[in-house]
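Structure file protein-v4.tsv (TSV, C-alpha atoms) is printed below.
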```
chain	number	residue	atom	x	y	z
E	657	MET	CA	27.54	40.02	23.68
E	658	SER	CA	24.18	41.25	24.93
E	659	ASN	CA	23.60	41.00	28.67
E	660	LYS	CA	19.83	40.94	28.24
E	661	ALA	CA	17.72	37.77	28.44
E	662	TYR	CA	14.79	37.50	26.03
E	663	PRO	CA	11.84	35.47	27.40
E	664	TYR	CA	10.95	33.98	23.99
E	665	ILE	CA	14.47	33.21	22.74
E	666	PRO	CA	15.90	29.98	24.21
E	667	ASN	CA	19.32	30.15	25.87
E	668	SER	CA	19.44	33.95	25.77
E	669	ALA	CA	20.35	34.31	29.45
E	670	PRO	CA	23.87	35.86	29.56
E	671	GLN	CA	25.44	33.07	31.65
E	672	ILE	CA	24.06	30.33	29.41
E	673	LYS	CA	25.21	32.16	26.27
E	674	LYS	CA	28.66	32.59	27.81
E	675	GLU	CA	28.96	28.86	28.56
E	676	MET	CA	27.81	27.93	25.06
E	677	MET	CA	30.31	30.30	23.42
E	678	GLU	CA	33.15	29.00	25.55
E	679	PHE	CA	32.25	25.45	24.57
E	680	VAL	CA	32.61	26.25	20.84
E	681	ASN	CA	35.58	28.55	21.49
E	682	VAL	CA	33.89	31.76	20.35
E	683	LYS	CA	34.56	35.11	22.03
E	684	ASP	CA	32.00	37.19	20.12
E	685	GLU	CA	28.65	35.89	18.93
E	686	MET	CA	29.18	37.57	15.53
E	687	GLU	CA	31.97	35.04	14.88
E	688	LEU	CA	29.16	32.53	14.30
E	689	TYR	CA	28.22	34.52	11.19
E	690	GLU	CA	31.72	34.91	9.73
E	691	GLU	CA	30.72	33.09	6.53
E	692	ILE	CA	28.34	35.95	5.69
E	693	PRO	CA	30.28	38.70	3.88
E	694	GLU	CA	30.56	41.93	5.84
E	695	HIS	CA	28.84	44.01	3.16
E	696	LEU	CA	25.73	41.81	3.38
E	697	ARG	CA	25.30	42.29	7.12
E	698	TYR	CA	22.94	44.93	8.43
E	699	GLN	CA	24.85	47.60	10.25
E	700	GLY	CA	23.28	49.02	13.37
E	701	LEU	CA	20.17	48.04	15.24
E	702	LEU	CA	16.76	47.32	13.76
E	703	ASP	CA	14.07	49.84	14.59
E	704	LEU	CA	11.95	47.46	16.62
E	705	PRO	CA	9.56	48.21	19.49
E	706	SER	CA	10.55	47.28	23.00
E	707	ALA	CA	10.12	43.62	23.84
E	708	LEU	CA	6.99	42.58	25.72
E	709	GLY	CA	8.30	40.82	28.77
E	710	ASP	CA	5.33	38.76	29.89
E	711	GLU	CA	2.87	36.37	28.29
E	712	GLN	CA	-0.26	38.34	29.15
E	713	SER	CA	1.07	41.47	27.43
E	714	VAL	CA	1.99	39.47	24.34
E	715	ARG	CA	-1.50	37.98	24.22
E	716	ARG	CA	-3.15	41.39	24.47
E	717	HIS	CA	-0.87	42.80	21.78
E	718	VAL	CA	-1.57	39.93	19.36
E	719	ASN	CA	-5.31	40.02	20.03
E	720	ARG	CA	-5.39	43.75	19.21
E	721	ILE	CA	-3.73	43.02	15.86
E	722	LEU	CA	-6.05	40.10	15.10
E	723	ALA	CA	-9.10	42.19	15.97
E	724	LYS	CA	-8.46	44.24	12.81
E	725	ASN	CA	-9.26	41.18	10.67
E	726	LYS	CA	-12.72	40.29	9.43
E	727	THR	CA	-13.22	36.55	9.71
E	728	ALA	CA	-15.45	33.86	8.26
E	729	GLU	CA	-17.19	33.62	11.64
E	730	GLU	CA	-18.43	37.20	11.24
E	731	TYR	CA	-19.20	37.28	7.51
E	732	SER	CA	-20.38	34.88	4.85
E	733	MET	CA	-17.39	33.89	2.73
E	734	PHE	CA	-17.53	32.97	-0.94
E	735	LEU	CA	-13.80	32.66	-1.56
E	736	GLY	CA	-11.40	29.81	-0.99
E	737	GLY	CA	-11.46	27.69	-4.12
E	738	GLY	CA	-12.24	24.55	-2.15
E	739	CYS	CA	-11.60	25.72	1.39
E	740	ALA	CA	-14.62	27.01	3.25
E	741	TYR	CA	-15.64	27.76	6.80
E	742	HIS	CA	-17.44	24.92	8.55
E	743	TYR	CA	-18.43	24.78	12.17
E	744	THR	CA	-16.21	22.34	14.01
E	745	PRO	CA	-17.75	20.83	17.17
E	746	ALA	CA	-15.57	21.23	20.27
E	747	VAL	CA	-15.31	17.46	20.67
E	748	CYS	CA	-13.26	17.31	17.41
E	749	ASP	CA	-10.48	19.45	18.84
E	750	GLU	CA	-10.71	17.67	22.17
E	751	ILE	CA	-10.07	14.30	20.55
E	752	ALA	CA	-7.45	15.82	18.25
E	753	GLY	CA	-5.58	16.90	21.36
E	754	ARG	CA	-5.17	13.36	22.65
E	755	GLY	CA	-1.53	12.45	23.05
E	756	GLU	CA	-1.59	9.34	20.86
E	757	LEU	CA	-2.91	11.43	17.96
E	758	ILE	CA	-0.80	14.55	18.40
E	759	SER	CA	2.34	12.40	18.38
E	760	CYS	CA	1.26	9.99	15.66
E	761	TYR	CA	4.21	10.45	13.34
E	762	GLY	CA	4.60	7.17	11.50
E	763	GLN	CA	2.77	4.00	12.40
E	764	GLY	CA	5.29	1.96	14.31
E	765	ALA	CA	4.10	-0.27	17.15
E	766	TYR	CA	6.34	1.73	19.48
E	767	SER	CA	3.89	4.62	19.27
E	768	ASP	CA	0.60	2.78	18.87
E	769	HIS	CA	-1.80	3.49	21.68
E	770	GLY	CA	-4.92	2.62	19.76
E	771	LYS	CA	-4.36	4.77	16.70
E	772	ASN	CA	-4.06	1.78	14.34
E	773	GLN	CA	-7.64	0.91	15.21
E	774	ILE	CA	-8.62	4.53	14.64
E	775	PHE	CA	-6.92	4.43	11.23
E	776	PHE	CA	-8.79	1.26	10.30
E	777	GLU	CA	-12.16	2.63	11.43
E	778	ALA	CA	-11.55	5.91	9.61
E	779	GLN	CA	-10.69	4.05	6.40
E	780	THR	CA	-13.84	1.95	6.80
E	781	MET	CA	-16.04	5.04	7.08
E	782	ILE	CA	-14.42	6.62	4.03
E	783	CYS	CA	-15.10	3.45	2.03
E	784	MET	CA	-18.74	3.53	3.14
E	785	LEU	CA	-19.05	7.15	1.97
E	786	LEU	CA	-17.46	6.52	-1.41
E	787	GLY	CA	-18.99	3.09	-1.99
E	788	MET	CA	-15.54	1.56	-2.31
E	789	GLU	CA	-13.84	-1.35	-0.53
E	790	PHE	CA	-10.25	-0.22	-0.03
E	791	THR	CA	-8.51	2.97	0.94
E	792	ALA	CA	-5.11	3.83	2.34
E	793	GLN	CA	-3.94	6.67	4.54
E	794	THR	CA	-4.19	10.24	3.36
E	795	CYS	CA	-2.08	12.25	0.97
E	796	HIS	CA	-1.53	15.99	1.34
E	797	ASP	CA	-4.85	17.21	-0.05
E	798	GLY	CA	-7.54	16.56	-2.66
E	799	ALA	CA	-5.34	18.00	-5.42
E	800	GLN	CA	-2.55	15.52	-4.64
E	801	ALA	CA	-5.15	12.73	-4.57
E	802	ALA	CA	-6.25	13.76	-8.07
E	803	ALA	CA	-2.65	13.80	-9.34
E	804	THR	CA	-1.97	10.36	-7.92
E	805	ALA	CA	-5.29	9.02	-9.24
E	806	VAL	CA	-4.47	9.96	-12.83
E	807	SER	CA	-1.00	8.46	-12.38
E	808	MET	CA	-2.64	5.25	-11.16
E	809	ALA	CA	-4.84	5.20	-14.27
E	810	ASN	CA	-1.70	5.45	-16.41
E	811	ARG	CA	-0.04	2.53	-14.61
E	812	ILE	CA	-3.16	0.35	-14.66
E	813	THR	CA	-3.96	0.80	-18.34
E	814	GLY	CA	-0.51	1.45	-19.79
E	815	ARG	CA	-1.96	4.48	-21.60
E	816	LYS	CA	-0.95	8.13	-21.28
E	817	LYS	CA	-3.98	10.22	-22.21
E	818	ILE	CA	-6.12	11.67	-19.40
E	819	LEU	CA	-9.39	13.53	-20.03
E	820	LEU	CA	-9.96	16.43	-17.63
E	821	PRO	CA	-13.08	18.63	-17.53
E	822	ALA	CA	-12.65	22.34	-18.18
E	823	ASN	CA	-15.00	23.05	-15.24
E	824	MET	CA	-12.65	21.48	-12.68
E	825	ASN	CA	-11.04	23.33	-9.79
E	826	PRO	CA	-8.14	25.34	-11.34
E	827	GLN	CA	-5.97	24.75	-8.28
E	828	ILE	CA	-6.38	21.00	-8.67
E	829	LEU	CA	-5.66	21.30	-12.39
E	830	SER	CA	-2.46	23.21	-11.61
E	831	THR	CA	-1.33	20.48	-9.20
E	832	VAL	CA	-2.13	17.69	-11.68
E	833	LYS	CA	-0.19	19.49	-14.44
E	834	ASN	CA	2.78	20.06	-12.17
E	835	TYR	CA	2.77	16.43	-11.01
E	836	CYS	CA	2.39	14.94	-14.47
E	837	TYR	CA	4.80	17.27	-16.27
E	838	SER	CA	7.60	17.35	-13.67
E	839	VAL	CA	8.98	13.99	-14.79
E	840	GLN	CA	11.15	12.78	-17.63
E	841	GLU	CA	9.60	13.51	-21.00
E	842	GLU	CA	8.90	9.87	-21.86
E	843	GLN	CA	6.90	9.51	-18.63
E	844	ARG	CA	4.74	12.61	-19.01
E	845	LEU	CA	1.00	12.16	-19.37
E	846	ASP	CA	-1.08	13.77	-22.10
E	847	LEU	CA	-3.69	15.91	-20.37
E	848	VAL	CA	-6.65	16.72	-22.64
E	849	MET	CA	-9.32	19.21	-21.58
E	850	VAL	CA	-12.99	18.44	-22.22
E	851	ASN	CA	-15.33	21.42	-22.72
E	852	TYR	CA	-18.36	22.15	-20.58
E	853	ASP	CA	-21.78	23.56	-21.47
E	854	SER	CA	-21.84	27.26	-20.57
E	855	LYS	CA	-25.60	27.08	-19.97
E	856	THR	CA	-25.71	24.08	-17.64
E	857	GLY	CA	-22.20	24.25	-16.19
E	858	MET	CA	-21.86	20.49	-16.78
E	859	VAL	CA	-19.40	18.52	-18.90
E	860	ASP	CA	-20.15	18.62	-22.64
E	861	LEU	CA	-21.01	14.98	-23.30
E	862	GLU	CA	-20.54	15.23	-27.05
E	863	ASP	CA	-17.06	16.72	-26.70
E	864	LEU	CA	-16.20	13.95	-24.25
E	865	LYS	CA	-17.37	11.29	-26.70
E	866	ASN	CA	-15.28	12.83	-29.47
E	867	LYS	CA	-12.12	12.76	-27.33
E	868	LEU	CA	-12.63	9.37	-25.67
E	869	ASP	CA	-10.95	6.47	-27.47
E	870	ASP	CA	-8.79	3.43	-26.78
E	871	THR	CA	-5.75	5.61	-26.02
E	872	VAL	CA	-7.37	7.19	-22.94
E	873	ALA	CA	-6.12	5.97	-19.56
E	874	GLY	CA	-8.66	7.75	-17.42
E	875	VAL	CA	-11.61	10.13	-17.35
E	876	TYR	CA	-11.58	12.55	-14.42
E	877	LEU	CA	-14.76	14.16	-13.08
E	878	GLU	CA	-15.59	16.44	-10.15
E	879	ASN	CA	-19.07	15.92	-8.75
E	880	PRO	CA	-20.28	18.43	-7.72
E	881	ASN	CA	-18.01	20.41	-10.02
E	882	TYR	CA	-16.14	23.64	-9.33
E	883	LEU	CA	-19.11	25.69	-10.54
E	884	GLY	CA	-21.32	24.05	-7.94
E	885	GLN	CA	-23.30	21.90	-10.37
E	886	LEU	CA	-24.06	18.23	-9.94
E	887	GLU	CA	-22.94	16.31	-13.02
E	888	ALA	CA	-26.25	14.70	-14.00
E	889	ASP	CA	-24.54	12.72	-16.78
E	890	ALA	CA	-22.02	11.13	-14.41
E	891	PRO	CA	-23.48	7.58	-14.79
E	892	GLN	CA	-23.33	7.88	-18.58
E	893	ILE	CA	-19.77	9.18	-18.40
E	894	GLY	CA	-18.91	6.15	-16.28
E	895	GLN	CA	-20.39	3.84	-18.91
E	896	LEU	CA	-18.46	5.57	-21.68
E	897	ALA	CA	-15.20	5.25	-19.75
E	898	LYS	CA	-15.88	1.57	-19.10
E	899	ALA	CA	-16.61	0.92	-22.76
E	900	ALA	CA	-13.20	2.43	-23.63
E	901	ASP	CA	-11.49	0.34	-20.89
E	902	ALA	CA	-10.47	3.59	-19.20
E	903	GLU	CA	-10.46	4.32	-15.48
E	904	PHE	CA	-13.29	6.55	-14.26
E	905	ILE	CA	-11.94	8.86	-11.55
E	906	VAL	CA	-14.52	10.78	-9.50
E	907	ASN	CA	-13.59	13.55	-7.08
E	908	ALA	CA	-16.54	13.84	-4.69
E	909	ASN	CA	-17.34	16.28	-1.92
E	910	PRO	CA	-17.67	14.03	1.15
E	911	LEU	CA	-20.38	16.22	2.69
E	912	SER	CA	-22.56	15.74	-0.39
E	913	LEU	CA	-22.43	11.97	-0.07
E	914	GLY	CA	-25.01	12.05	2.68
E	915	VAL	CA	-27.67	12.91	0.10
E	916	ILE	CA	-26.32	11.93	-3.34
E	917	GLU	CA	-25.12	8.60	-4.71
E	918	ALA	CA	-21.65	7.27	-3.88
E	919	PRO	CA	-19.19	7.47	-6.83
E	920	ALA	CA	-18.71	3.69	-7.01
E	921	ASN	CA	-22.44	3.24	-7.56
E	922	TYR	CA	-22.35	5.15	-10.85
E	923	GLY	CA	-19.22	3.59	-12.26
E	924	ALA	CA	-16.20	5.16	-10.56
E	925	THR	CA	-13.21	2.82	-10.47
E	926	ILE	CA	-11.12	5.30	-8.46
E	927	ALA	CA	-12.83	7.68	-6.02
E	928	ILE	CA	-11.10	10.58	-4.31
E	929	CYS	CA	-12.04	13.43	-2.00
E	930	ASP	CA	-10.62	16.19	0.16
E	931	LEU	CA	-11.43	15.75	3.85
E	932	HIS	CA	-11.33	19.49	4.56
E	933	ASP	CA	-15.12	19.71	4.44
E	934	LEU	CA	-15.50	17.24	7.29
E	935	GLY	CA	-14.66	19.75	9.99
E	936	CYS	CA	-11.07	20.87	9.46
E	937	HIS	CA	-10.24	24.46	10.34
E	938	LEU	CA	-9.28	26.94	7.63
E	939	SER	CA	-5.77	27.41	9.05
E	940	SER	CA	-4.54	29.84	6.36
E	941	GLY	CA	-5.17	27.34	3.58
E	942	GLY	CA	-3.92	24.31	5.49
E	943	SER	CA	-5.85	21.56	7.29
E	944	GLN	CA	-6.45	19.57	4.15
E	945	SER	CA	-6.14	15.88	3.55
E	946	GLY	CA	-6.76	13.81	0.41
E	947	ILE	CA	-8.15	10.28	0.13
E	948	ILE	CA	-7.99	7.71	-2.68
E	949	ALA	CA	-10.34	4.72	-2.60
E	950	THR	CA	-10.60	1.74	-4.96
E	951	PRO	CA	-12.41	-1.58	-5.40
E	952	ASP	CA	-11.09	-4.65	-3.58
E	953	ASP	CA	-8.82	-5.94	-6.33
E	954	MET	CA	-5.04	-6.02	-6.52
E	955	GLU	CA	-4.99	-4.25	-9.88
E	956	HIS	CA	-6.17	-1.08	-8.16
E	957	MET	CA	-5.03	-1.58	-4.56
E	958	SER	CA	-1.42	-2.23	-5.53
E	959	GLU	CA	-1.26	1.11	-7.37
E	960	THR	CA	-2.14	3.21	-4.30
E	961	LYS	CA	0.92	4.69	-2.67
E	962	ASP	CA	0.10	5.28	0.98
E	963	LEU	CA	0.05	3.08	4.07
E	964	ALA	CA	-3.11	1.06	4.68
E	965	PHE	CA	-4.43	-0.63	7.81
E	966	GLY	CA	-6.52	-3.72	8.32
E	967	MET	CA	-7.89	-6.03	11.00
E	968	VAL	CA	-6.13	-9.36	11.57
E	969	ASP	CA	-6.54	-12.41	13.82
E	970	THR	CA	-4.12	-12.85	16.70
E	971	ILE	CA	-2.77	-16.04	18.29
E	972	LYS	CA	-5.59	-15.88	20.82
E	973	GLU	CA	-8.84	-17.31	19.49
E	974	GLY	CA	-11.58	-14.70	19.11
E	975	GLU	CA	-9.14	-11.80	19.45
E	976	TYR	CA	-8.02	-9.49	16.67
E	977	GLY	CA	-5.63	-6.64	16.18
E	978	PHE	CA	-4.93	-3.81	13.75
E	979	THR	CA	-1.86	-3.57	11.59
E	980	LEU	CA	-0.36	-2.45	8.29
E	981	ASN	CA	-1.53	-4.17	5.11
E	982	LEU	CA	0.14	-4.47	1.70
E	983	TYR	CA	3.22	-2.72	3.05
E	984	GLU	CA	5.40	-4.19	0.29
E	985	ARG	CA	3.76	-1.95	-2.36
E	986	THR	CA	4.85	1.31	-0.69
E	987	HIS	CA	7.98	3.37	-1.23
E	988	TYR	CA	8.78	2.73	2.44
E	989	ALA	CA	9.40	-0.93	1.58
E	990	ILE	CA	10.90	-0.74	-1.92
E	991	ARG	CA	12.40	2.76	-1.72
E	992	GLU	CA	13.54	4.02	-5.14
E	993	LYS	CA	11.57	1.26	-6.89
E	994	GLY	CA	8.31	2.62	-5.50
E	995	LYS	CA	5.76	3.83	-8.03
E	996	GLU	CA	5.35	7.15	-6.22
E	997	PHE	CA	6.99	8.77	-3.23
E	998	THR	CA	5.06	9.09	-0.01
E	999	GLY	CA	6.17	10.71	3.20
E	1000	THR	CA	4.82	12.52	6.22
E	1001	GLN	CA	1.19	13.14	5.35
E	1002	SER	CA	-2.04	14.32	6.95
E	1003	ASN	CA	-2.77	11.49	9.38
E	1004	TYR	CA	-3.61	14.02	12.07
E	1005	TRP	CA	-6.61	15.41	10.19
E	1006	PHE	CA	-7.61	12.06	8.72
E	1007	THR	CA	-7.87	10.23	12.01
E	1008	THR	CA	-9.26	12.89	14.27
E	1009	ARG	CA	-11.94	14.29	11.96
E	1010	GLN	CA	-13.08	10.94	10.63
E	1011	ARG	CA	-13.12	9.45	14.12
E	1012	ILE	CA	-15.89	11.91	14.99
```

Using C-alpha cells, write down the structure that the file contains.
Amino acid sequence: MSNKAYPYIPNSAPQIKKEMMEFVNVKDEMELYEEIPEHLRYQGLLDLPSALGDEQSVRRHVNRILAKNKTAEEYSMFLGGGCAYHYTPAVCDEIAGRGELISCYGQGAYSDHGKNQIFFEAQTMICMLLGMEFTAQTCHDGAQAAATAVSMANRITGRKKILLPANMNPQILSTVKNYCYSVQEEQRLDLVMVNYDSKTGMVDLEDLKNKLDDTVAGVYLENPNYLGQLEADAPQIGQLAKAADAEFIVNANPLSLGVIEAPANYGATIAICDLHDLGCHLSSGGSQSGIIATPDDMEHMSETKDLAFGMVDTIKEGEYGFTLNLYERTHYAIREKGKEFTGTQSNYWFTTRQRI
C-alpha cells in the first residue's frame, strides 16, 4: 500500500486507506482487483510526470496546455454543423450559478425555490417566438426534438411516411434515422428524402408535390436550412401539407425569429428549435437543448413527451402559483405505457438562457 497522499484523489491519506481496507477485510489494495485476470494487469509503474501538489501549479500547467489551442474567440469559425460561437453576457452565467437552478434536478416541490415560475415564463417566451400556444420542457437537443416531432406526426395521423428535405442538417438526419429505425420493424417510419434546387439551395417544390400524398404523416422543414437559405416557399409547403392532412414540422433558428415570421404564422402545426443559439457556450459540442411547441389542442399537446408547467389559482383569492400540467401524459406517470421515454434533460440551459 502506498504511503503517499494524493491531493486530488479522495481518501488517499495512508491512515484513511488503512481504516477502509480493515473495514472490508483487505490487506493489500490489489485484492480489490482480484476479478481482473493477472495477465490483463499492467505490470510496473506508468511513466507519468511527478504529481503537482498544489492548486496554483495545476492551474498554470493546464493553462499552458490550453494556450496551444486556437479558439473561436480569436478566430472566425465556420465549422460546427449547428453549434457556433455566440457572445454570452456575464449576467447569463451569473443567473445560471444560482443555487435553485444548479440543483434543479426534477421538478418536485421539495426543490422549488421559484424555478417553476422560471420554467413557466421560459415556456411562454418560447411560444411567443414560435407563434405557438403550448410547449413543454426541453429534450436533449434540436436533433432529438426533430426525432420526437416526426414521431408525434406518426401518432397524430396514424401514418408512417415522413418527408425530409435533402438540404437538412446531416447530424439531425442521422439522429432522426436512428430514432425511427431503432424500434420494432412494424413501428418503423418510412423516411423519404425530398430533393432541393442546387441553384437556390431551397426545397424542390415539384419533387415535394410528387411525393406528398394521403399516406404522408408529416412534412419536415428547416428554415433557415442547413445551407443558410431561407425557404421562401415555406408558406406554400405549409398549405400543401395541410391539404394532405399531414403535420407541417418546422425547425426554426430562434435567433432568426426576431426578424422573420414565426413558424405557426405560415402553417406549422409543430414547431421546434435548438436553444444553443440563445447564448449557450460551445462546451465541446454540449450545451444544447431542444424545444417542441404546438397549438393549444389536446391532439397535439398530449403527444408531447416532456414535463410542462402552467399557472394555476390557489385557495387565496387573487393569488396564483406554478405547477406541472398534463402530467398524466408523460412516461413519469404511465411508465412503460408512455409514448416516448423522457428522463434527465436540459432544464439547466432552458431555464437560465431563456430567463435572460

Excluding segment 703-716 of chain E and residues on its chain fewer than 4 positions from it, collect all residues at most 9 Å away from it, counting all atoms listed in the file, and give them as a compact mmCIF listing (two decimals) with C-alpha atoms, in the coordinates of the input.
```
# COMPACT_ATOMS: atom_id res chain seq x y z
CA TYR E 662 14.79 37.50 26.03
CA PRO E 663 11.84 35.47 27.40
CA TYR E 664 10.95 33.98 23.99
CA ARG E 720 -5.39 43.75 19.21
CA ILE E 721 -3.73 43.02 15.86
```

Calculate how many Å separate atom CA of Phe904 of chain E from atom CA of Leu877 of chain E, rounding to one decimal.
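Calculated distance between atom CA of Phe904 of chain E and atom CA of Leu877 of chain E is 7.8 Å.
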
Near segment 986-1000 of chain E, counting only C-alpha atoms, which residues have an atom at most 12 Å away, once you skip same-chain residues fewer than 3 positions from it, shown as a PyMOL selection string?
chain E and resi 760-763+792-796+800-801+803-805+807-808+810-812+835-836+839+945+957-964+980-983+1003-1004

Between atom CA of Pro880 of chain E and atom CA of Ser943 of chain E, what is the distance in Å, rounded to a tenth?
21.1 Å

Could you tell me, as a ChimeraX atom specification, which residues have any atom at most 6 Å from (-7.4, 5.6, -0.9), counting only C-alpha atoms?
/E:791-792,947-949

Give the centre and edge lengths of an axis-aligned box, in Å to one decimal, that holds all listed atoms of segment 678-697 of chain E with 3 Å on each side, as JSON.
```
{"center_x": 30.4, "center_y": 34.7, "center_z": 14.4, "size_x": 16.3, "size_y": 24.6, "size_z": 28.4}
```
